[in-house]
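K.L.:
So that you have it, the file is upload-v5.txt, and it contains compact mmCIF, C-alpha atoms:
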```
# COMPACT_ATOMS: atom_id res chain seq x y z
CA MET W 357 0.00 0.00 0.00
CA PHE W 358 1.14 3.52 -0.75
CA PRO W 359 2.35 5.43 2.32
CA ASP W 360 -0.24 8.05 3.21
CA TYR W 361 1.36 11.48 2.76
CA HIS W 362 -1.54 13.71 3.75
CA LEU W 363 -2.74 13.07 7.30
CA HIS W 364 -4.15 15.28 10.04
CA THR W 365 -4.13 14.79 13.80
CA SER W 366 -5.22 16.71 16.88
CA PHE W 367 -2.50 19.25 16.12
CA SER W 368 -4.83 20.49 13.36
CA SER W 369 -7.72 22.50 14.74
CA ASP W 370 -10.17 20.56 12.56
CA SER W 371 -9.16 17.13 13.89
CA ASP W 372 -9.39 15.40 17.27
CA THR W 373 -7.41 12.30 16.29
CA PRO W 374 -4.34 11.52 18.43
CA VAL W 375 -1.11 10.89 16.52
CA ASN W 376 -0.75 7.43 18.03
CA ASP W 377 -4.21 6.45 16.77
CA VAL W 378 -3.18 7.44 13.24
CA ILE W 379 -0.03 5.33 13.49
CA LYS W 380 -1.94 2.35 14.88
CA LYS W 381 -4.55 2.48 12.12
CA ALA W 382 -1.96 2.91 9.36
CA THR W 383 0.02 -0.05 10.66
CA SER W 384 -3.11 -2.20 10.88
CA ILE W 385 -3.89 -1.71 7.17
CA GLY W 386 -0.38 -2.57 6.04
CA MET W 387 1.43 0.75 5.77
CA ASN W 388 5.08 0.83 6.81
CA SER W 389 5.47 4.58 6.40
CA ILE W 390 3.26 7.66 6.77
CA CYS W 391 3.75 11.41 6.85
CA ILE W 392 1.80 13.57 9.28
CA THR W 393 0.97 16.89 7.61
CA ASP W 394 -0.97 19.01 10.05
CA HIS W 395 -2.42 22.38 9.07
CA TYR W 396 -0.65 25.70 9.43
CA ASP W 397 -2.55 28.57 7.80
CA MET W 398 -0.85 31.85 8.59
CA ASN W 399 -3.34 34.71 9.15
CA PHE W 400 -6.32 32.42 8.72
CA PRO W 401 -9.52 34.52 8.90
CA ILE W 402 -11.54 33.41 11.91
CA ASN W 403 -15.15 32.47 11.23
CA PRO W 404 -17.36 33.64 14.15
CA ASP W 405 -19.46 30.49 13.69
CA GLU W 406 -16.37 28.25 14.11
CA PRO W 407 -13.89 30.23 16.24
CA GLU W 408 -12.00 27.06 17.13
CA LEU W 409 -10.73 26.75 13.55
CA THR W 410 -7.58 28.83 13.82
CA PHE W 411 -5.07 26.57 12.03
CA ASP W 412 -2.37 28.28 14.06
CA LEU W 413 0.06 25.42 14.65
CA ASP W 414 2.70 25.60 17.37
CA LEU W 415 5.53 24.43 15.13
CA ASP W 416 8.05 23.67 17.87
CA ALA W 417 5.59 21.70 20.01
CA TYR W 418 4.39 19.86 16.93
CA LYS W 419 7.83 18.81 15.74
CA ASN W 420 9.04 17.92 19.23
CA GLU W 421 6.03 15.71 19.93
CA LEU W 422 6.34 13.90 16.61
CA LEU W 423 10.08 13.37 17.12
CA LYS W 424 9.35 11.96 20.57
CA ILE W 425 6.78 9.54 19.15
CA LYS W 426 9.09 8.64 16.26
CA SER W 427 11.80 7.64 18.73
CA THR W 428 9.49 5.03 20.28
CA LEU W 429 8.60 3.28 17.01
CA ASN W 430 10.21 0.12 15.74
CA SER W 431 11.36 -0.49 12.20
CA SER W 432 7.90 -1.54 11.03
CA MET W 433 6.78 2.10 10.83
CA ASN W 434 8.80 4.93 9.29
CA LEU W 435 7.18 8.14 10.52
CA LYS W 436 7.86 11.30 8.52
CA ILE W 437 7.19 14.79 9.79
CA GLY W 438 5.45 17.10 7.36
CA ILE W 439 3.19 20.11 7.27
CA GLU W 440 0.37 21.44 5.11
CA LEU W 441 0.75 25.16 4.58
CA GLY W 442 -2.27 27.21 3.63
CA VAL W 443 -0.82 29.70 1.16
CA MET W 444 -2.32 33.10 0.35
CA SER W 445 -0.99 35.90 -1.83
CA THR W 446 -0.50 37.97 1.33
CA THR W 447 1.59 35.33 3.13
CA CYS W 448 3.92 34.01 0.43
CA GLN W 449 6.99 35.89 1.65
CA GLU W 450 6.29 35.26 5.34
CA LEU W 451 5.97 31.55 4.68
CA GLU W 452 9.25 31.56 2.76
CA ASN W 453 10.92 33.09 5.81
CA LEU W 454 9.17 30.69 8.18
CA LEU W 455 10.61 27.65 6.42
CA LYS W 456 14.17 28.88 5.92
CA ASN W 457 15.43 27.04 8.98
CA SER W 458 12.80 24.35 9.27
CA ASN W 459 13.61 20.66 9.36
CA PHE W 460 10.45 19.10 8.00
CA ASP W 461 10.62 16.01 5.82
CA PHE W 462 7.84 17.18 3.54
CA VAL W 463 5.79 20.32 2.83
CA ILE W 464 2.42 20.51 1.10
CA ALA W 465 1.35 23.92 -0.18
CA SER W 466 -2.41 24.29 -0.44
CA SER W 467 -4.90 26.98 -1.32
CA HIS W 468 -7.67 27.26 1.23
CA ILE W 469 -8.46 30.97 1.43
CA VAL W 470 -9.44 33.17 -1.51
CA ASN W 471 -10.16 36.82 -0.80
CA GLY W 472 -10.76 36.06 2.86
CA LEU W 473 -13.06 33.09 2.36
CA ASP W 474 -12.60 29.34 2.34
CA PRO W 475 -14.71 27.51 -0.28
CA TYR W 476 -15.70 25.27 2.62
CA ASN W 477 -17.95 28.18 3.66
CA LYS W 478 -21.05 28.69 1.52
CA GLU W 479 -20.41 32.44 1.50
CA TYR W 480 -17.55 31.87 -0.93
CA PHE W 481 -20.07 30.97 -3.65
CA TYR W 482 -22.53 33.81 -2.99
CA ASN W 483 -23.24 35.98 -6.04
CA LYS W 484 -21.02 33.82 -8.28
CA THR W 485 -21.56 31.06 -10.74
CA ASP W 486 -19.60 27.89 -10.03
CA LYS W 487 -17.42 28.72 -13.02
CA GLN W 488 -16.56 32.14 -11.60
CA ALA W 489 -15.86 30.67 -8.17
CA PHE W 490 -13.67 27.90 -9.57
CA GLU W 491 -11.73 30.25 -11.82
CA GLU W 492 -11.05 32.66 -8.97
CA TYR W 493 -9.68 29.78 -6.92
CA PHE W 494 -7.41 28.52 -9.72
CA GLU W 495 -6.10 32.04 -10.31
CA THR W 496 -5.06 32.07 -6.66
CA ILE W 497 -3.03 28.90 -7.18
CA GLN W 498 -1.48 30.43 -10.30
CA TYR W 499 -0.30 33.39 -8.22
CA ASN W 500 0.92 31.24 -5.34
CA VAL W 501 3.10 28.91 -7.40
CA LYS W 502 4.83 31.92 -8.95
CA HIS W 503 5.51 33.64 -5.63
CA PHE W 504 6.00 30.81 -3.12
CA LYS W 505 8.65 28.20 -3.81
CA ASN W 506 9.43 26.52 -0.49
CA TYR W 507 7.20 23.48 -0.81
CA ASN W 508 7.38 19.95 -2.23
CA VAL W 509 3.94 19.28 -3.70
CA TYR W 510 0.86 21.40 -4.26
CA GLY W 511 -2.15 19.91 -2.52
CA HIS W 512 -5.67 19.12 -3.74
CA LEU W 513 -5.44 21.35 -6.82
CA ASP W 514 -9.21 21.45 -7.40
CA TYR W 515 -10.28 21.44 -3.75
CA VAL W 516 -12.81 24.18 -4.51
CA VAL W 517 -14.94 21.74 -6.50
CA ARG W 518 -15.76 19.78 -3.34
CA TYR W 519 -17.96 22.65 -2.23
CA GLY W 520 -19.45 23.93 -5.50
CA LYS W 521 -23.17 24.52 -5.54
CA SER W 522 -23.55 21.49 -7.80
CA LYS W 523 -20.31 19.74 -6.80
CA SER W 524 -18.56 18.75 -10.04
CA LEU W 525 -21.61 19.05 -12.32
CA ASN W 526 -20.46 22.47 -13.56
CA TYR W 527 -16.74 21.67 -13.49
CA HIS W 528 -15.31 21.31 -16.98
CA PHE W 529 -11.56 20.91 -17.30
CA ASN W 530 -11.30 22.69 -20.65
CA ASP W 531 -12.80 25.86 -19.19
CA TYR W 532 -9.57 26.32 -17.23
CA TYR W 533 -7.09 24.65 -19.56
CA ASP W 534 -4.80 27.67 -19.97
CA LEU W 535 -4.74 28.29 -16.22
CA PHE W 536 -3.95 24.65 -15.47
CA LYS W 537 -1.24 24.52 -18.10
CA ASP W 538 0.46 27.60 -16.64
CA ILE W 539 0.16 26.29 -13.07
CA LEU W 540 1.53 22.86 -13.91
CA THR W 541 4.32 24.23 -16.10
CA THR W 542 5.47 26.38 -13.18
CA ILE W 543 5.28 23.49 -10.72
CA ILE W 544 7.30 21.22 -13.01
CA HIS W 545 9.87 23.90 -13.86
CA ASP W 546 10.45 24.49 -10.15
CA GLY W 547 11.08 20.80 -9.48
CA LYS W 548 7.91 20.46 -7.42
CA GLY W 549 5.08 17.96 -7.66
CA ILE W 550 1.40 17.40 -7.04
CA GLU W 551 -0.54 14.95 -4.92
CA ILE W 552 -3.33 12.51 -5.56
CA ASN W 553 -5.73 13.40 -2.75
CA THR W 554 -8.58 10.95 -2.21
CA GLY W 555 -10.46 13.42 -0.04
CA GLY W 556 -12.45 14.36 -3.13
CA LEU W 557 -13.95 10.88 -3.21
CA TYR W 558 -15.32 10.88 0.32
CA ALA W 559 -16.43 14.49 -0.17
CA GLY W 560 -18.84 13.26 -2.83
CA LEU W 561 -16.90 13.82 -6.04
CA PRO W 562 -16.57 11.10 -8.69
CA PHE W 563 -12.79 11.61 -8.75
CA ALA W 564 -9.86 12.16 -6.43
CA HIS W 565 -8.06 15.50 -6.62
CA PRO W 566 -6.96 16.45 -9.16
CA HIS W 567 -9.45 15.67 -11.92
CA PRO W 568 -8.12 12.87 -14.19
CA ASP W 569 -7.77 15.29 -17.12
CA LEU W 570 -5.62 17.56 -14.99
CA LEU W 571 -3.48 14.60 -13.97
CA LYS W 572 -3.14 13.60 -17.61
CA LEU W 573 -1.99 17.11 -18.54
CA TYR W 574 0.58 17.04 -15.74
CA LYS W 575 2.04 13.86 -17.21
CA GLU W 576 1.98 15.22 -20.76
CA LEU W 577 3.87 18.33 -19.63
CA GLY W 578 6.59 16.15 -18.09
CA GLY W 579 5.42 15.97 -14.49
CA GLU W 580 6.78 13.00 -12.54
CA ILE W 581 6.61 13.89 -8.83
CA ILE W 582 3.47 12.41 -7.28
CA THR W 583 2.59 11.73 -3.67
CA VAL W 584 -0.53 9.96 -2.46
CA GLY W 585 -2.63 11.15 0.46
CA SER W 586 -6.05 10.63 1.95
CA ASP W 587 -6.38 14.03 3.66
CA ALA W 588 -7.77 12.01 6.56
CA HIS W 589 -8.85 13.81 9.72
CA ILE W 590 -10.26 10.60 11.23
CA THR W 591 -8.70 7.15 11.25
CA SER W 592 -11.36 5.46 9.09
CA ARG W 593 -10.23 7.50 6.09
CA ILE W 594 -6.52 6.68 6.25
CA GLY W 595 -5.53 5.06 2.95
CA TYR W 596 -8.99 5.74 1.54
CA GLU W 597 -9.42 4.22 -1.94
CA PHE W 598 -5.66 3.82 -2.50
CA ASP W 599 -6.34 0.82 -4.77
CA TYR W 600 -8.18 3.24 -7.06
CA VAL W 601 -5.13 5.54 -7.01
CA LYS W 602 -2.85 2.74 -8.11
CA GLU W 603 -4.95 2.04 -11.20
CA LEU W 604 -5.29 5.77 -11.88
CA LEU W 605 -1.54 6.35 -11.86
CA LEU W 606 -0.69 3.28 -13.91
CA SER W 607 -3.35 4.07 -16.51
CA ASN W 608 -1.87 7.54 -16.95
CA GLY W 609 1.66 6.26 -17.47
CA PHE W 610 3.11 6.88 -14.02
CA LYS W 611 5.53 4.18 -12.90
CA TYR W 612 6.66 5.78 -9.64
CA TYR W 613 5.28 7.56 -6.59
CA CYS W 614 7.36 9.72 -4.28
CA THR W 615 8.22 9.67 -0.62
CA TYR W 616 10.29 12.32 1.14
CA CYS W 617 13.05 12.63 3.72
CA ASN W 618 14.57 15.99 4.64
CA ARG W 619 12.64 17.55 1.75
CA LYS W 620 14.29 15.28 -0.83
CA PRO W 621 12.10 13.03 -3.04
CA ALA W 622 12.68 9.32 -3.46
CA PHE W 623 11.03 7.60 -6.43
CA ASN W 624 9.38 4.28 -5.59
CA LEU W 625 8.23 1.81 -8.22
CA ILE W 626 4.50 1.18 -8.32
CA GLU W 627 4.15 -2.57 -8.05
CA THR W 628 1.98 -4.02 -10.77
CA ALA W 629 1.60 -7.57 -9.43
```
Would you encode the structure as structure tokens?

P.N.:
Amino acid sequence: MFPDYHLHTSFSSDSDTPVNDVIKKATSIGMNSICITDHYDMNFPINPDEPELTFDLDLDAYKNELLKIKSTLNSSMNLKIGIELGVMSTTCQELENLLKNSNFDFVIASSHIVNGLDPYNKEYFYNKTDKQAFEEYFETIQYNVKHFKNYNVYGHLDYVVRYGKSKSLNYHFNDYYDLFKDILTTIIHDGKGIEINTGGLYAGLPFAHPHPDLLKLYKELGGEIITVGSDAHITSRIGYEFDYVKELLLSNGFKYYCTYCNRKPAFNLIETA
């Protein structure tokens, strides 16, 4: 089974799952490596209806606790320490500075906030068509990949579709082809990658992030760096539909998936037997 490289624990303000429960579950389903990637969203706008969602991670406490847990594990589980950064146009430089002296194994850059709103909140879609809302989100990613470089993979590239008024019904890849091509070309040029994020499947989409056509374009443009993650916030979703991911990658010509140590990718052969 692929190692799960997008996992959240109680260090993320939207999860109550203890780190040890994540490790226990991952081990029980046959994983020998995982990467914890808890949320840090600098200057996250607080929603009065959910004031507990701050995504303000205590980086030192987080790393120290994971290192302590890592030291207790035997060779059957290789725990990697990662982070998911919520990137906004207003925080690109601050996040660059934040990571200059960090010692994470792996960094996901993700777009969560667009003009002060998370697509998770219905307000994001007010007075917009789905197409307008999606395009605005993708333009944010386009800006971020050109101005923030201290990451390894960009997360859930079409996350916004999870929350569209009609989910993916009004999501048509070709409507954003030029945007996607520019985004992916930048990512590839910078030596970065993307993830397959199965959170889209349990959020009610008929595909994992990104859309299969977007994944195909990434491959056609020369993209090779791929990690696999469930975006799980509860243990039952760890490794969610990873068999589907295997077939998806192989059918699109990918022979390898990546793992990370000290921010350096290792290419692992996808077993076909």

K.L.:
Please compute the CA of Ile390 (chain W)-CA of Asn459 (chain W) distance, one decimal, in Å.

P.N.:
16.8 Å

K.L.:
Which distance in Å separates CA of Thr591 (chain W) and CA of Ala382 (chain W), to one decimal?

P.N.:
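Between CA of Thr591 (chain W) and CA of Ala382 (chain W) the gap is 8.2 Å.
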
K.L.:
One decimal, in Å: what's the spacing between CA of Ile437 (chain W) and CA of Lys602 (chain W)?

P.N.:
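Rounded to one decimal, the two atoms are 23.8 Å apart.
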
K.L.:
Would you list the contacts of Thr583 (chain W) as a list in words, taking every protein, DNA or RNA residue within 8 Å and counting only C-alpha atoms, but skipping same-chain residues closer than 3 positions in sequence?

P.N.:
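Near Thr583 (chain W), the qualifying residues are Tyr361, Val509, Gly549, Ile550, Glu551, Ile552, Tyr613, Cys614 and Thr615 of chain W.
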
K.L.:
Counting only C-alpha atoms, which residue out of W:Met357, W:Ile402, W:Ile439, W:Ala588 sits closest to Tyr600 (chain W)?

P.N.:
W:Met357

K.L.:
Smallest atom-to-atom distance to Leu604 (chain W): which of W:Asn500, W:Thr554, W:Asn624, W:Ser586, using all atoms listed in the file?

P.N.:
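So, comparing all the options, the nearest one is W:Thr554.
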
K.L.:
Got a sec: who's within 9 Å of Ile594 (chain W), counting all atoms listed in the file, leaving out chain neighbours fewer than 3 positions off, as a list in words?

P.N.:
Asp360, His362, Leu363, Val378, Lys381, Ala382, Ile385, Gly585, Ser586, Asp587, Ala588, His589, Ile590 and Thr591 of chain W

K.L.:
Excluding Glu580 (chain W) and its own-chain neighbours fewer than 4 positions away, which residues fall within 12 Å of it when counting all atoms listed in the file? Please give them as a PyMOL selection string.

P.N.:
chain W and resi 509+540+543-545+547-551+571-576+605+608-614+621-624

K.L.:
What are the centre and edge lengths in Å, to one decimal, of the axis-aligned box around all listed atoms of region 591-594 of chain W with 5 Å added on each side, as lines of an AutoDock Vina configuration file?

P.N.:
```
center_x = -8.9
center_y = 6.5
center_z = 8.7
size_x = 14.8
size_y = 12.0
size_z = 15.2
```

K.L.:
Find the residues around His565 (chain W) up to 7 Å (all atoms listed in the file counted), leave out those fewer than 2 positions away in its own chain, and share them as number ranges by chain.

P.N.:
W: 512-515, 552-554, 556, 563, 567

K.L.:
Nearest residue to Lys620 (chain W) out of W:Phe462, W:Glu603, W:Pro568, W:Thr446, using only C-alpha atoms?

P.N.:
W:Phe462

K.L.:
Given the choices W:His503, W:Tyr510, W:Asn457, W:Asn526, which gets closest to Lys487 (chain W) if the distance is worked out from all atoms listed in the file?

P.N.:
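For Lys487 (chain W), the nearest of the candidates is W:Asn526.
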
K.L.:
With distances taken over all atoms listed in the file, which of W:Asp546, W:Glu479, W:Ile379, W:Asn530 is nearest to Lys502 (chain W)?

P.N.:
W:Asp546

K.L.:
So that I can check the surroundings of Thr410 (chain W), please list as an MDAnalysis selection string every protein, DNA and RNA residue that reaches within 8 Å of it, counting all atoms listed in the file and ignoring chain neighbours fewer than 3 positions away.

P.N.:
chainID W and resid 369 397 400:402 407
